[in-house]
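Novice: Sharing a structure here in structure tokens format.
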Amino acid sequence: RKMTTAISHRGPDDEGQWIDEDAGVALGHRRLSILDLSPAGHQPMYSASGRYVIVFNGEIYNFSEVRKELESLSARQWRGHSDTEVVLAAIEQWGLEDALRRFVGMFAMAILDRKERLLRLVRDRLGEKPLYYGWMNGVFLFGSELKALRAHPAWRGEIDRDALTLLMRHNYIPAPYSIYKGIYKLLPGTILTVIEGRPLVPAPYWQFHEAAKAGAANRFRGSEKEAIDKLDGMLRDTIARQMVADVPLGAFLSGGIDSSTVVALMQAQSPRPVKTFTIGFNEAGYNEAADAKLVAKHLGTEHTELYVTYAEAMKVIPRLPTLYDEPFSDSSQIPTFIVSGLARRHVTVSLSGDAG
């Protein structure tokens with residue numbers, strides 16, 4: 001409970017713990033309710049047979065399609081309509097790796113197989129959701145943030161000096177390393193199987209370079225117009241899936257190509273004005289709010305902007321160590337925090353143009 005309390009900001013709506021004293025395993029979860037706000041979405045969650053127990057952070061965007069496929073194979077009694085329940089049913093039906101290949105989404109999850117007595121940690125294909133793990137004084141710890149691991153009595157954090165050299169080179173500490181010795185980030189697209197007494201060897205279930213090679217070997221053969229239409233259809237489908245939520249939804253809008261495209265596709269598929277949020281600066285060289293305002297007006301969104309002063313930005317700096325558990329040198333972390341606070345007054349979920 002101390003570990004989950006340390007990351008209560010990730011999940012303010014609900015909490016849960018599950019402990020198997022005989023197996024020596026404890027799972028904890030903090031919930032931000034997005035799909036199925038009822039108690040049927042509570043975690044840690046059991047599979048229908050009771051074999052698997054899961055804690056899951058993220059969202060499976062195609063869970064409705066996976067659910068329909070499962071229903072076509074056998075009659076099922078669903079407890080609710082959360083994507084977590086679908087994840088468990090898919091693992092029971094096809095096994096973990098085959099289930100993962102069906103999922104479209106962002107996720108970090110821990111699945112305990114009570115029959116085989118093993119724990120599996122999984123991270124999404126591109127590592128959108130964080131997952132830290134490692135042995136500390138004979139205890140295997142894992143969590144979404146380092147502060148959760150630091151809350152455990154076995155924690156003895158020692159700075160990894162080699163990780164500091166990576167920070168100087170990259171302005172952040174890349175996976176699989178962390179700022180602490182013996183604690184790692186699970187690589188994207190990877191499964192880590194934890195069996196008592198065996199070394200930890202992460203195994204990839206998806207690899208970026210293999211996807212790139214497959215794309216190069218199967219190039220699109222149509223015209224430029226057909227390519228534009230195909231891309232437009234794929235983007236619309238992607239954005240539509242990411243707009244499925246049982247809570248208010250919005251978007252960060254900078255006025256650049258990426259966020260403007262995302263918001264345009266959202267507005268084209270929304271029956272009401274999309275809520276958009278922008279941070280502005282009085283220094284002309286850093287201010288994108290004017291462009292964002294023009295885009296919002298053109299698209300007809302419900303737009304909110306906040307101009308940040310020097311003093312307001314400075315106030316954020318002492319809070320940065322509570323937001324980022326290890327050194328991270330991107331100056332955008334300050335306006336990102338401020339725009340997130342602005343958006344949270346109005347919505348629970350926000351799409352953005354990051355990684356466009």
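All residue names refer to the structure tokens as shown: chains lettered A, B, ... in order, residues numbered from 1 in each chain, ligands numbered from 1 in order.
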Within 12 Å of Ile239 of chain A, counting only C-alpha atoms, which residues show up once you throw out same-chain ones fewer than 6 positions away? Write them as an mmCIF file with N, CA, C and O atoms, in the first residue's frame, please.

Specialist:
```
data_model
loop_
_atom_site.group_PDB
_atom_site.id
_atom_site.type_symbol
_atom_site.label_atom_id
_atom_site.label_comp_id
_atom_site.auth_asym_id
_atom_site.auth_seq_id
_atom_site.Cartn_x
_atom_site.Cartn_y
_atom_site.Cartn_z
ATOM 1 N N TYR A 61 -6.751 0.010 -27.436
ATOM 2 C CA TYR A 61 -7.684 0.771 -28.267
ATOM 3 C C TYR A 61 -8.619 -0.116 -29.091
ATOM 4 O O TYR A 61 -9.708 0.306 -29.456
ATOM 5 N N ASN A 62 -8.188 -1.334 -29.390
ATOM 6 C CA ASN A 62 -9.029 -2.223 -30.191
ATOM 7 C C ASN A 62 -9.677 -3.312 -29.339
ATOM 8 O O ASN A 62 -9.982 -4.404 -29.835
ATOM 9 N N GLY A 105 -2.387 -0.660 -28.707
ATOM 10 C CA GLY A 105 -2.540 0.221 -27.555
ATOM 11 C C GLY A 105 -1.227 0.584 -26.908
ATOM 12 O O GLY A 105 -0.146 0.341 -27.444
ATOM 13 N N ASP A 232 -4.976 8.903 -44.731
ATOM 14 C CA ASP A 232 -6.084 9.602 -44.089
ATOM 15 C C ASP A 232 -7.004 8.613 -43.376
ATOM 16 O O ASP A 232 -7.414 8.833 -42.225
ATOM 17 N N GLY A 233 -7.300 7.498 -44.034
ATOM 18 C CA GLY A 233 -8.164 6.486 -43.434
ATOM 19 C C GLY A 233 -7.550 5.863 -42.193
ATOM 20 O O GLY A 233 -8.226 5.654 -41.175
ATOM 21 N N ALA A 251 -7.597 17.737 -26.001
ATOM 22 C CA ALA A 251 -6.349 17.627 -26.753
ATOM 23 C C ALA A 251 -5.458 18.820 -26.467
ATOM 24 O O ALA A 251 -5.935 19.943 -26.302
ATOM 25 N N SER A 259 0.021 18.256 -33.775
ATOM 26 C CA SER A 259 -1.149 18.425 -32.904
ATOM 27 C C SER A 259 -2.348 18.959 -33.691
ATOM 28 O O SER A 259 -3.494 18.593 -33.404
ATOM 29 N N THR A 261 -3.087 18.265 -36.795
ATOM 30 C CA THR A 261 -3.653 17.122 -37.522
ATOM 31 C C THR A 261 -4.502 16.266 -36.597
ATOM 32 O O THR A 261 -5.621 15.861 -36.946
ATOM 33 N N VAL A 262 -3.974 15.971 -35.403
ATOM 34 C CA VAL A 262 -4.718 15.167 -34.433
ATOM 35 C C VAL A 262 -6.042 15.829 -34.083
ATOM 36 O O VAL A 262 -7.104 15.192 -34.087
ATOM 37 N N VAL A 263 -6.016 17.138 -33.788
ATOM 38 C CA VAL A 263 -7.242 17.845 -33.400
ATOM 39 C C VAL A 263 -8.224 17.922 -34.562
ATOM 40 O O VAL A 263 -9.434 17.759 -34.377
ATOM 41 N N ALA A 264 -7.726 18.137 -35.775
ATOM 42 C CA ALA A 264 -8.610 18.187 -36.950
ATOM 43 C C ALA A 264 -9.340 16.859 -37.134
ATOM 44 O O ALA A 264 -10.545 16.827 -37.418
ATOM 45 N N LEU A 265 -8.630 15.748 -36.956
ATOM 46 C CA LEU A 265 -9.244 14.426 -37.104
ATOM 47 C C LEU A 265 -10.210 14.139 -35.954
ATOM 48 O O LEU A 265 -11.229 13.469 -36.150
ATOM 49 N N MET A 266 -9.904 14.639 -34.762
ATOM 50 C CA MET A 266 -10.835 14.505 -33.641
ATOM 51 C C MET A 266 -12.125 15.275 -33.918
ATOM 52 O O MET A 266 -13.229 14.746 -33.752
ATOM 53 N N GLN A 267 -11.979 16.539 -34.346
ATOM 54 C CA GLN A 267 -13.149 17.379 -34.567
ATOM 55 C C GLN A 267 -14.017 16.846 -35.697
ATOM 56 O O GLN A 267 -15.246 16.923 -35.645
ATOM 57 N N ALA A 268 -13.388 16.270 -36.718
ATOM 58 C CA ALA A 268 -14.137 15.715 -37.855
ATOM 59 C C ALA A 268 -15.016 14.544 -37.440
ATOM 60 O O ALA A 268 -15.990 14.211 -38.119
ATOM 61 N N GLN A 269 -14.671 13.905 -36.288
ATOM 62 C CA GLN A 269 -15.404 12.718 -35.857
ATOM 63 C C GLN A 269 -16.148 12.940 -34.536
ATOM 64 O O GLN A 269 -16.617 11.988 -33.930
ATOM 65 N N SER A 270 -16.254 14.215 -34.116
ATOM 66 C CA SER A 270 -16.920 14.521 -32.854
ATOM 67 C C SER A 270 -18.201 15.301 -33.098
ATOM 68 O O SER A 270 -18.221 16.249 -33.886
ATOM 69 N N SER A 350 -6.250 13.497 -22.455
ATOM 70 C CA SER A 350 -5.904 14.434 -23.518
ATOM 71 C C SER A 350 -5.031 13.750 -24.556
ATOM 72 O O SER A 350 -4.058 13.071 -24.199
ATOM 73 N N LEU A 351 -5.354 13.932 -25.812
ATOM 74 C CA LEU A 351 -4.482 13.494 -26.896
ATOM 75 C C LEU A 351 -3.482 14.617 -27.204
ATOM 76 O O LEU A 351 -3.730 15.775 -26.870
ATOM 77 N N SER A 352 -2.362 14.244 -27.800
ATOM 78 C CA SER A 352 -1.361 15.250 -28.150
ATOM 79 C C SER A 352 -0.712 14.889 -29.483
ATOM 80 O O SER A 352 -0.968 13.818 -30.038
ATOM 81 N N GLY A 353 0.139 15.768 -29.963
ATOM 82 C CA GLY A 353 0.859 15.510 -31.217
ATOM 83 C C GLY A 353 2.225 14.916 -30.997
ATOM 84 O O GLY A 353 2.979 14.758 -31.960
#
```

Novice: Within 12 Å of Gln333 of chain A, counting only C-alpha atoms, which residues qualify if same-chain residues fewer than 6 places away don't, as a ChimeraX atom specification?

Specialist: /A:313,316-317,319-321,323-324,327,339-340

Novice: Considering only C-alpha atoms, return as a list of chain:residue names whatever protein or nucleic-acid residues lie within 7 Å of segment 176-181 of chain A, sequence-local ones (same chain, fewer than 3 positions apart) excluded.

Specialist: A:Gly157, A:Glu158, A:Ile159, A:Asp160, A:Ala163, A:Ile173, A:Tyr184, A:Lys185, A:Leu186, A:Leu187, A:Glu326

Novice: Mind checking DSSP for segment 187-337 of chain A and telling me the alpha helix (DSSP H) residues as a PyMOL selection string?

Specialist: chain A and resi 208-217+224-242+257-268+289-299+310-316+320-323+333-337

Novice: Residues within 10 Å of Pro202 of chain A, please, as a ChimeraX atom specification. Count only C-alpha atoms; anything in the same chain fewer than 3 positions from it doesn't count.

Specialist: /A:120-122,186-187,189-194,199,205

Novice: Go ahead and save the picked residues with C-alpha atoms, as a tab-separated table (two decimals), in the first residue's frame.

Specialist:
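Everything below was put into again-v3.tsv:
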```
chain	number	residue	atom	x	y	z
A	120	ARG	CA	5.46	-11.75	-16.43
A	121	LEU	CA	6.09	-8.05	-17.01
A	122	VAL	CA	5.16	-6.62	-20.41
A	186	LEU	CA	11.88	-2.80	-19.34
A	187	LEU	CA	12.66	-2.34	-23.03
A	189	GLY	CA	8.09	-4.59	-27.03
A	190	THR	CA	9.51	-6.94	-24.41
A	191	ILE	CA	8.33	-9.62	-21.97
A	192	LEU	CA	10.26	-10.29	-18.76
A	193	THR	CA	9.51	-13.64	-17.12
A	194	VAL	CA	10.30	-13.84	-13.41
A	199	PRO	CA	18.24	-14.92	-14.05
A	205	TYR	CA	7.71	-10.07	-28.74
```

Novice: With distances taken over only C-alpha atoms, which residue among A:Phe277, A:Ile334, A:Ser72, A:Ile60 lies nearest Thr238 of chain A?

Specialist: A:Ile60

Novice: Hey, can you check how far atom CA of Ser82 of chain A sits from atom CA of Asn57 of chain A?

Specialist: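 If I compute the distance from atom CA of Ser82 of chain A to atom CA of Asn57 of chain A, I get 12.4 Å.
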
Novice: To one decimal place in Å, what is the distance between atom CA of Leu299 of chain A and atom CA of Leu342 of chain A?

Specialist: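 Calculated distance between atom CA of Leu299 of chain A and atom CA of Leu342 of chain A is 20.7 Å.
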
Novice: Applying 8 Å and only C-alpha atoms, which residues near segment 289-296 of chain A remain after dropping the ones on its own chain fewer than 2 positions away? List them as a list in words.

Specialist: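 My list of contacting residues is Leu253, Ser254, Gly255, Gly256, Ser260, Thr276, Thr278, Ile279, Gly280, Phe281, Asn287, His298, Leu299, Gly300, Thr301, Glu302, His303 and Glu305 of chain A.
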
Novice: Generate the output file for the selected residues, all heavy atoms, as a tab-separated table (two decimals), in the first residue's frame.

Specialist:
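And here's part_14.tsv as it stands now:
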```tsv
chain	number	residue	atom	x	y	z
A	253	LEU	N	-2.99	21.46	-27.98
A	253	LEU	CA	-2.86	22.05	-29.32
A	253	LEU	C	-1.78	23.12	-29.30
A	253	LEU	O	-1.89	24.13	-28.61
A	253	LEU	CB	-4.20	22.66	-29.75
A	253	LEU	CG	-4.25	23.35	-31.11
A	253	LEU	CD1	-3.91	22.38	-32.23
A	253	LEU	CD2	-5.62	23.98	-31.34
A	254	SER	N	-0.71	22.88	-30.09
A	254	SER	CA	0.37	23.85	-30.17
A	254	SER	C	0.28	24.71	-31.42
A	254	SER	O	0.93	25.74	-31.50
A	254	SER	CB	1.72	23.12	-30.16
A	254	SER	OG	1.89	22.40	-31.37
A	255	GLY	N	-0.49	24.25	-32.40
A	255	GLY	CA	-0.56	24.95	-33.68
A	255	GLY	C	0.40	24.39	-34.71
A	255	GLY	O	0.40	24.82	-35.86
A	256	GLY	N	1.22	23.42	-34.30
A	256	GLY	CA	2.12	22.76	-35.24
A	256	GLY	C	1.39	21.71	-36.06
A	256	GLY	O	0.21	21.44	-35.86
A	260	SER	N	-2.10	19.80	-34.69
A	260	SER	CA	-3.21	20.33	-35.50
A	260	SER	C	-3.89	19.21	-36.29
A	260	SER	O	-5.13	19.20	-36.43
A	260	SER	CB	-2.70	21.41	-36.46
A	260	SER	OG	-2.18	22.51	-35.75
A	276	THR	N	-9.76	22.02	-26.51
A	276	THR	CA	-8.33	22.11	-26.79
A	276	THR	C	-7.65	23.06	-25.81
A	276	THR	O	-8.26	24.02	-25.33
A	276	THR	CB	-8.07	22.58	-28.23
A	276	THR	OG1	-8.81	23.79	-28.48
A	276	THR	CG2	-8.51	21.51	-29.23
A	278	THR	N	-3.88	25.16	-24.77
A	278	THR	CA	-2.60	25.70	-25.23
A	278	THR	C	-1.96	26.54	-24.13
A	278	THR	O	-2.64	27.27	-23.42
A	278	THR	CB	-2.81	26.59	-26.48
A	278	THR	OG1	-3.32	25.81	-27.54
A	278	THR	CG2	-1.51	27.25	-26.92
A	279	ILE	N	-0.63	26.43	-24.04
A	279	ILE	CA	0.15	27.30	-23.17
A	279	ILE	C	0.83	28.37	-24.04
A	279	ILE	O	1.43	28.05	-25.08
A	279	ILE	CB	1.22	26.50	-22.40
A	279	ILE	CG1	0.55	25.58	-21.39
A	279	ILE	CG2	2.20	27.43	-21.70
A	279	ILE	CD1	-0.22	26.29	-20.31
A	280	GLY	N	0.71	29.62	-23.61
A	280	GLY	CA	1.34	30.71	-24.34
A	280	GLY	C	2.42	31.38	-23.51
A	280	GLY	O	2.44	31.27	-22.27
A	281	PHE	N	3.35	32.08	-24.20
A	281	PHE	CA	4.42	32.82	-23.53
A	281	PHE	C	4.46	34.23	-24.08
A	281	PHE	O	4.21	34.45	-25.27
A	281	PHE	CB	5.77	32.14	-23.75
A	281	PHE	CG	5.83	30.73	-23.23
A	281	PHE	CD1	5.58	29.64	-24.05
A	281	PHE	CD2	6.12	30.48	-21.89
A	281	PHE	CE1	5.62	28.35	-23.58
A	281	PHE	CE2	6.16	29.19	-21.40
A	281	PHE	CZ	5.91	28.11	-22.23
A	287	ASN	N	6.52	31.62	-28.29
A	287	ASN	CA	5.06	31.57	-28.21
A	287	ASN	C	4.43	30.93	-29.44
A	287	ASN	O	4.62	31.39	-30.56
A	287	ASN	CB	4.51	32.99	-28.04
A	287	ASN	CG	3.02	32.99	-27.78
A	287	ASN	OD1	2.51	32.09	-27.10
A	287	ASN	ND2	2.33	33.97	-28.32
A	298	HIS	N	-10.37	27.95	-36.76
A	298	HIS	CA	-10.67	27.33	-38.07
A	298	HIS	C	-11.44	26.02	-37.88
A	298	HIS	O	-12.39	25.73	-38.63
A	298	HIS	CB	-9.36	27.07	-38.82
A	298	HIS	CG	-9.54	26.32	-40.10
A	298	HIS	ND1	-10.10	26.90	-41.23
A	298	HIS	CD2	-9.24	25.04	-40.44
A	298	HIS	CE1	-10.13	26.01	-42.20
A	298	HIS	NE2	-9.62	24.87	-41.75
A	299	LEU	N	-11.05	25.23	-36.88
A	299	LEU	CA	-11.68	23.93	-36.67
A	299	LEU	C	-12.95	24.01	-35.82
A	299	LEU	O	-13.74	23.07	-35.81
A	299	LEU	CB	-10.69	22.97	-35.99
A	299	LEU	CG	-9.44	22.61	-36.79
A	299	LEU	CD1	-8.49	21.76	-35.95
A	299	LEU	CD2	-9.80	21.88	-38.08
A	300	GLY	N	-13.13	25.13	-35.10
A	300	GLY	CA	-14.32	25.28	-34.27
A	300	GLY	C	-14.25	24.54	-32.96
A	300	GLY	O	-15.27	24.05	-32.46
A	301	THR	N	-13.05	24.47	-32.36
A	301	THR	CA	-12.92	23.78	-31.08
A	301	THR	C	-13.29	24.71	-29.92
A	301	THR	O	-13.37	25.92	-30.08
A	301	THR	CB	-11.48	23.27	-30.86
A	301	THR	OG1	-10.62	24.39	-30.63
A	301	THR	CG2	-10.99	22.48	-32.04
A	302	GLU	N	-13.50	24.12	-28.76
A	302	GLU	CA	-13.71	24.89	-27.52
A	302	GLU	C	-12.33	25.11	-26.91
A	302	GLU	O	-11.79	24.23	-26.23
A	302	GLU	CB	-14.61	24.11	-26.57
A	302	GLU	CG	-14.96	24.86	-25.29
A	302	GLU	CD	-15.82	24.04	-24.36
A	302	GLU	OE1	-16.66	23.25	-24.84
A	302	GLU	OE2	-15.64	24.18	-23.13
A	303	HIS	N	-11.76	26.27	-27.16
A	303	HIS	CA	-10.33	26.48	-26.92
A	303	HIS	C	-10.07	27.23	-25.61
A	303	HIS	O	-10.76	28.19	-25.27
A	303	HIS	CB	-9.72	27.28	-28.07
A	303	HIS	CG	-8.23	27.32	-28.07
A	303	HIS	ND1	-7.46	26.18	-28.07
A	303	HIS	CD2	-7.36	28.37	-28.07
A	303	HIS	CE1	-6.18	26.52	-28.07
A	303	HIS	NE2	-6.09	27.83	-28.06
A	305	GLU	N	-6.68	28.85	-23.45
A	305	GLU	CA	-5.24	29.12	-23.46
A	305	GLU	C	-4.84	29.81	-22.15
A	305	GLU	O	-5.64	30.47	-21.50
A	305	GLU	CB	-4.84	30.00	-24.66
A	305	GLU	CG	-5.47	31.37	-24.69
A	305	GLU	CD	-5.05	32.18	-25.91
A	305	GLU	OE1	-4.52	31.58	-26.88
A	305	GLU	OE2	-5.25	33.41	-25.90
```

Novice: Just to confirm, what's the straight-line distance from atom CA of Gly58 of chain A to atom CA of Glu71 of chain A in Å (one decimal)?

Specialist: 23.0 Å

Novice: Check the smallest atom-to-atom distance from each of A:Ile257, A:Leu37, A:Ala216, A:Met136 to Ala245 of chain A using only C-alpha atoms, then report the winner.

Specialist: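 Smallest separation from Ala245 of chain A among the options: A:Leu37.
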
Novice: Please provide the set of residues having any atom within 12 Å of Tyr52 of chain A, restricted to only C-alpha atoms, with same-chain residues fewer than 5 positions apart removed, written as a list in words.

Specialist: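 Listed by chain and then number, they are Pro44, Met45, Tyr46, Ser47, Thr84, Glu85, Val87, Leu88, Ala89, Ala90, Ile91, Glu92, Gln93, Gly95, Leu96, Ala110, Ile111, Leu112, Asp113, Arg114, Lys115, Glu116, Arg117, Leu118, Leu119 and Arg120 of chain A.
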
Novice: Write the residues you've just listed into a file as a short mmCIF file (atom, residue, chain, number, x, y, z; two decimals), in the first residue's frame, and include C-alpha atoms for each of them.

Specialist:
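again.cif written:
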```cif
data_model
loop_
_atom_site.label_atom_id
_atom_site.label_comp_id
_atom_site.auth_asym_id
_atom_site.auth_seq_id
_atom_site.Cartn_x
_atom_site.Cartn_y
_atom_site.Cartn_z
CA PRO A 44 -5.81 -6.21 -9.41
CA MET A 45 -8.19 -8.32 -11.51
CA TYR A 46 -8.63 -12.10 -11.77
CA SER A 47 -9.23 -13.95 -15.02
CA THR A 84 -8.53 -5.09 -18.60
CA GLU A 85 -11.08 -7.91 -18.54
CA VAL A 87 -6.82 -8.57 -21.84
CA LEU A 88 -7.20 -11.37 -19.29
CA ALA A 89 -9.69 -13.29 -21.46
CA ALA A 90 -7.39 -12.99 -24.47
CA ILE A 91 -4.42 -14.34 -22.48
CA GLU A 92 -6.53 -17.29 -21.30
CA GLN A 93 -7.72 -17.99 -24.85
CA GLY A 95 -1.61 -17.33 -24.43
CA LEU A 96 0.31 -14.15 -23.67
CA ALA A 110 2.23 -7.50 -14.75
CA ILE A 111 0.51 -10.89 -15.09
CA LEU A 112 0.84 -13.55 -12.42
CA ASP A 113 0.28 -17.11 -13.66
CA ARG A 114 -0.83 -18.89 -10.49
CA LYS A 115 -0.74 -22.32 -12.15
CA GLU A 116 2.83 -22.09 -13.46
CA ARG A 117 3.94 -19.91 -10.52
CA LEU A 118 5.60 -17.25 -12.60
CA LEU A 119 5.27 -13.50 -13.07
CA ARG A 120 5.46 -11.75 -16.43
#
```
